Every structure is written in C-alpha cells, then in structure tokens.
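Next up, start17.cif (mmCIF, C-alpha atoms):
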data_protein
loop_
_atom_site.label_atom_id
_atom_site.label_comp_id
_atom_site.auth_asym_id
_atom_site.auth_seq_id
_atom_site.Cartn_x
_atom_site.Cartn_y
_atom_site.Cartn_z
CA GLN M 23 13.88 14.75 -0.63
CA VAL M 24 12.43 11.38 0.22
CA GLN M 25 10.11 10.00 -2.41
CA LEU M 26 7.76 7.09 -2.83
CA VAL M 27 6.69 6.35 -6.39
CA GLU M 28 3.80 4.04 -7.23
CA SER M 29 3.20 2.30 -10.55
CA GLY M 30 1.06 -0.46 -11.99
CA GLY M 31 -2.39 1.06 -11.86
CA GLY M 32 -4.79 0.92 -14.77
CA LEU M 33 -8.14 -0.21 -16.09
CA VAL M 34 -9.21 -3.84 -15.58
CA GLN M 35 -12.43 -5.79 -15.80
CA ALA M 36 -14.09 -7.20 -12.71
CA GLY M 37 -12.44 -10.48 -11.73
CA GLY M 38 -9.11 -9.41 -13.17
CA SER M 39 -5.77 -8.73 -11.50
CA LEU M 40 -3.27 -5.91 -11.14
CA ARG M 41 0.07 -5.63 -9.38
CA LEU M 42 1.02 -2.29 -7.86
CA SER M 43 4.62 -1.42 -7.10
CA CYS M 44 6.08 1.25 -4.85
CA GLY M 45 9.73 2.20 -4.92
CA ALA M 46 11.48 4.33 -2.32
CA SER M 47 14.22 6.78 -3.20
CA ARG M 48 16.34 5.90 -0.17
CA ARG M 49 17.43 2.63 1.39
CA THR M 50 16.29 4.09 4.72
CA PHE M 51 12.86 2.82 3.86
CA SER M 52 14.10 -0.73 4.02
CA THR M 53 13.76 -0.44 7.83
CA TYR M 54 10.32 1.20 7.80
CA PRO M 55 6.94 -0.49 7.93
CA MET M 56 4.99 0.33 4.81
CA GLY M 57 1.40 0.23 3.70
CA TRP M 58 -1.15 0.75 0.97
CA PHE M 59 -4.18 2.99 1.26
CA ARG M 60 -6.85 3.97 -1.24
CA GLN M 61 -9.24 6.85 -1.77
CA ALA M 62 -12.36 6.75 -3.90
CA PRO M 63 -14.06 9.96 -5.11
CA GLY M 64 -15.99 11.63 -2.32
CA LYS M 65 -14.65 9.24 0.32
CA GLU M 66 -11.94 9.38 2.93
CA ARG M 67 -8.63 7.65 2.47
CA GLU M 68 -8.85 4.12 3.82
CA PHE M 69 -6.42 1.42 4.84
CA VAL M 70 -5.83 -1.51 2.49
CA ALA M 71 -2.76 -3.45 3.66
CA ALA M 72 0.42 -3.07 5.69
CA ILE M 73 3.72 -4.89 6.10
CA SER M 74 6.50 -4.79 8.68
CA TRP M 75 10.08 -3.94 7.72
CA SER M 76 11.08 -7.58 7.43
CA GLY M 77 7.93 -8.63 5.60
CA GLY M 78 7.21 -11.12 8.34
CA ASP M 79 4.05 -9.42 9.52
CA THR M 80 1.18 -8.31 7.32
CA TYR M 81 -2.27 -6.95 7.98
CA TYR M 82 -5.26 -6.44 5.67
CA ALA M 83 -8.55 -4.61 5.62
CA ASP M 84 -11.46 -7.04 5.78
CA SER M 85 -12.66 -5.84 2.38
CA VAL M 86 -9.52 -7.12 0.62
CA LYS M 87 -8.51 -10.08 2.77
CA GLY M 88 -8.03 -13.20 0.67
CA ARG M 89 -7.86 -11.19 -2.57
CA PHE M 90 -4.90 -8.83 -2.08
CA THR M 91 -1.34 -9.69 -1.04
CA ILE M 92 1.26 -7.21 0.17
CA SER M 93 4.96 -8.08 -0.06
CA ARG M 94 8.41 -6.50 -0.03
CA GLY M 95 11.24 -6.89 -2.47
CA ASN M 96 14.57 -8.40 -1.48
CA ALA M 97 16.08 -4.96 -0.94
CA LYS M 98 13.12 -4.15 1.35
CA ASN M 99 12.73 -0.61 -0.04
CA THR M 100 10.17 -1.77 -2.60
CA VAL M 101 6.67 -2.88 -1.71
CA TYR M 102 4.09 -4.61 -3.89
CA LEU M 103 0.35 -5.07 -3.80
CA GLN M 104 -0.96 -8.03 -5.79
CA MET M 105 -4.67 -7.52 -6.36
CA ASN M 106 -6.76 -10.46 -7.57
CA SER M 107 -10.50 -10.95 -8.07
CA LEU M 108 -10.92 -7.21 -8.42
CA LYS M 109 -14.35 -5.69 -7.91
CA PRO M 110 -15.81 -2.36 -9.10
CA GLU M 111 -15.78 -1.19 -5.48
CA ASP M 112 -11.97 -1.48 -5.52
CA THR M 113 -11.86 1.49 -7.88
CA ALA M 114 -9.81 4.24 -6.25
CA VAL M 115 -6.50 6.05 -6.23
CA TYR M 116 -4.04 3.79 -4.42
CA TYR M 117 -1.31 5.31 -2.27
CA CYS M 118 1.88 3.81 -0.93
CA ALA M 119 3.06 5.02 2.46
CA ALA M 120 5.92 4.51 4.89
CA THR M 121 6.22 5.19 8.58
CA ARG M 122 9.07 5.90 10.97
CA THR M 123 6.59 6.62 13.75
CA ILE M 124 5.74 3.07 14.75
CA PRO M 125 8.24 0.30 15.57
CA SER M 126 9.74 -1.38 12.52
CA ASN M 127 8.51 -4.84 13.54
CA MET M 128 4.90 -3.67 13.66
CA VAL M 129 2.28 -2.70 11.11
CA GLY M 130 0.06 0.37 11.02
CA ALA M 131 -3.50 0.74 9.76
CA ARG M 132 -4.18 4.42 10.39
CA VAL M 133 -3.49 7.28 8.01
CA ASP M 134 -1.99 9.36 10.83
CA GLU M 135 0.61 6.69 11.58
CA TYR M 136 2.34 7.26 8.23
CA ASP M 137 4.93 9.95 7.54
CA TYR M 138 5.68 9.57 3.84
CA TRP M 139 3.27 9.22 0.93
CA GLY M 140 3.46 8.60 -2.78
CA GLN M 141 1.53 10.54 -5.38
CA GLY M 142 -0.96 7.74 -5.99
CA THR M 143 -1.89 5.51 -8.92
CA GLN M 144 -5.39 5.12 -10.33
CA VAL M 145 -7.05 1.71 -10.33
CA THR M 146 -10.33 1.42 -12.20
CA VAL M 147 -12.35 -1.80 -12.22
CA SER M 148 -15.16 -2.01 -14.74
CA SER M 149 -18.22 -4.20 -14.25
#

Take the structure from the file and write it as structure tokens.
Amino acid sequence: QVQLVESGGGLVQAGGSLRLSCGASRRTFSTYPMGWFRQAPGKEREFVAAISWSGGDTYYADSVKGRFTISRGNAKNTVYLQMNSLKPEDTAVYYCAATRTIPSNMVGARVDEYDYWGQGTQVTVSS
C-alpha cells in the first residue's frame, strides 16, 4: 500500500512560520511530481503549490506566492512546504499529493491530476 504521511502542522500566530513535511513510503515517488493542497471548513480543496520530480519546476497559487516555498529532499521522495508570514486565512487542513498521471517534468494544479493523497495535517493561524 502506497502511503503519503504529512507532519509539521500546528497552531501559530499570524506572521509566524511553519514547515510541513511529506514522506512517501516508496522510492517510486521520487519520480512523481508532487503537490500541496488545502481545505478549509465548508470550502473545496484548493491548490497551494506543486513541484516536478527533479525539483527544478515549481508552481504556486497566487494567494501564497512569495510566502510559501515548496521543495524536495535529496532522495526526492520527501517534499516540504515552508510557510512564512502566515495569515488567518491560511488556516486549513493541508494535504500532500503525488501524481503518476502527468509527465514527471511537469507540475499539476488540479485535484483530479493527483493519484495519491496523504491524510492531512491541520494548520491553524490565530490573529
């Protein structure tokens, strides 16, 4: 069973930082593009950031551009999301995802492009 496991969520004050991590249970994921999504209560899951298999290409939602940074570990089957200057509107459950549907040198921004999902980690930003 393929698994993605997120960690690093928590409670932080506005303006603070958090670093989310996502580990994959198989090295297969080192060749997959990966991404982060989030879902706030009562809202649909939305794209946050994505990264190609090599880490050479990244893409961000406008709402987080300049504040969040996505990266991959050296083994490529771990992905990180560094979140700075957090705002209350960033409060959500954050999900890591991986895709074998789109080419490995590309990035995906749609929920339906991703095949594997983690269980999510809660991020709460207080004002």

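Atom pair CA of Asp137 (chain M) / CA of Leu108 (chain M) has a distance of 28.3 Å (rounded to one decimal).
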
For the structure shown, which residues end up in the PyMOL selection byres ((chain M and resi 90) around 7)? Put them as a PyMOL selection string, please? chain M and resi 86-89+91-92+103-106

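Pairwise distance (CA of Met56 (chain M), CA of Val147 (chain M)) equals 24.4 Å.
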
Hey, could you make a per-residue contact list for region 52-72 of chain M against region 120-124 of chain M with 12 Å as the cut-off, showing the nearest pair of atoms and its distance in Å to one decimal, counting all atoms listed in the file, sorted by chain and number, as a tab-separated table?
residue	atom	partner	partner_atom	distance
M:Ser52	CA	M:Ala120	CA	9.8
M:Thr53	CA	M:Arg122	CA	8.5
M:Tyr54	CA	M:Thr121	CA	5.8
M:Pro55	CA	M:Thr121	CA	5.8
M:Met56	CA	M:Ala120	CA	4.3
M:Gly57	CA	M:Ala120	CA	6.3
M:Trp58	CA	M:Ala120	CA	8.9
M:Phe59	CA	M:Ala120	CA	10.8
M:Ala71	CA	M:Ala120	CA	11.8
M:Ala72	CA	M:Ala120	CA	9.4

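Selection check: the PyMOL selection byres ((chain M and resi 42-47) around 8) on the shown file gives M:Val24, M:Gln25, M:Leu26, M:Val27, M:Glu28, M:Ser29, M:Gly30, M:Gly31, M:Leu40, M:Arg41, M:Arg48, M:Arg49, M:Phe51, M:Asn99, M:Thr100, M:Val101, M:Tyr102, M:Leu103, M:Gln104, M:Met105, M:Cys118.
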
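For the residues M:Ala83, M:Gly38, M:Thr146, M:Arg67, ranking by smallest atom-to-atom distance to Asp134 (chain M) using all atoms listed in the file places M:Arg67 first.
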
Edge lengths and centre in Å to one decimal, as lines of an AutoDock Vina configuration file, of the axis-aligned box that encloses all listed atoms of region 121-131 of chain M with 6 Å added on every side?
center_x = 3.1
center_y = 0.9
center_z = 12.1
size_x = 25.2
size_y = 23.5
size_z = 19.0

Proximity to Ala62 (chain M) - best of M:Tyr82, M:Asp112, M:Gly130, M:Trp75, only C-alpha atoms: M:Asp112

Between CA of Trp139 (chain M) and CA of Val34 (chain M), what is the spacing in Å? 24.5 Å

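Taking only C-alpha atoms into account, Val133 (chain M) lies nearest to M:Phe69 out of the set M:Gln61, M:Ser39, M:Asp79, M:Phe69.
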
Which residue gives the smallest distance to Ala131 (chain M) among M:Ser74, M:Thr50, M:Thr143, M:Gln35, with all atoms listed in the file counted? M:Ser74
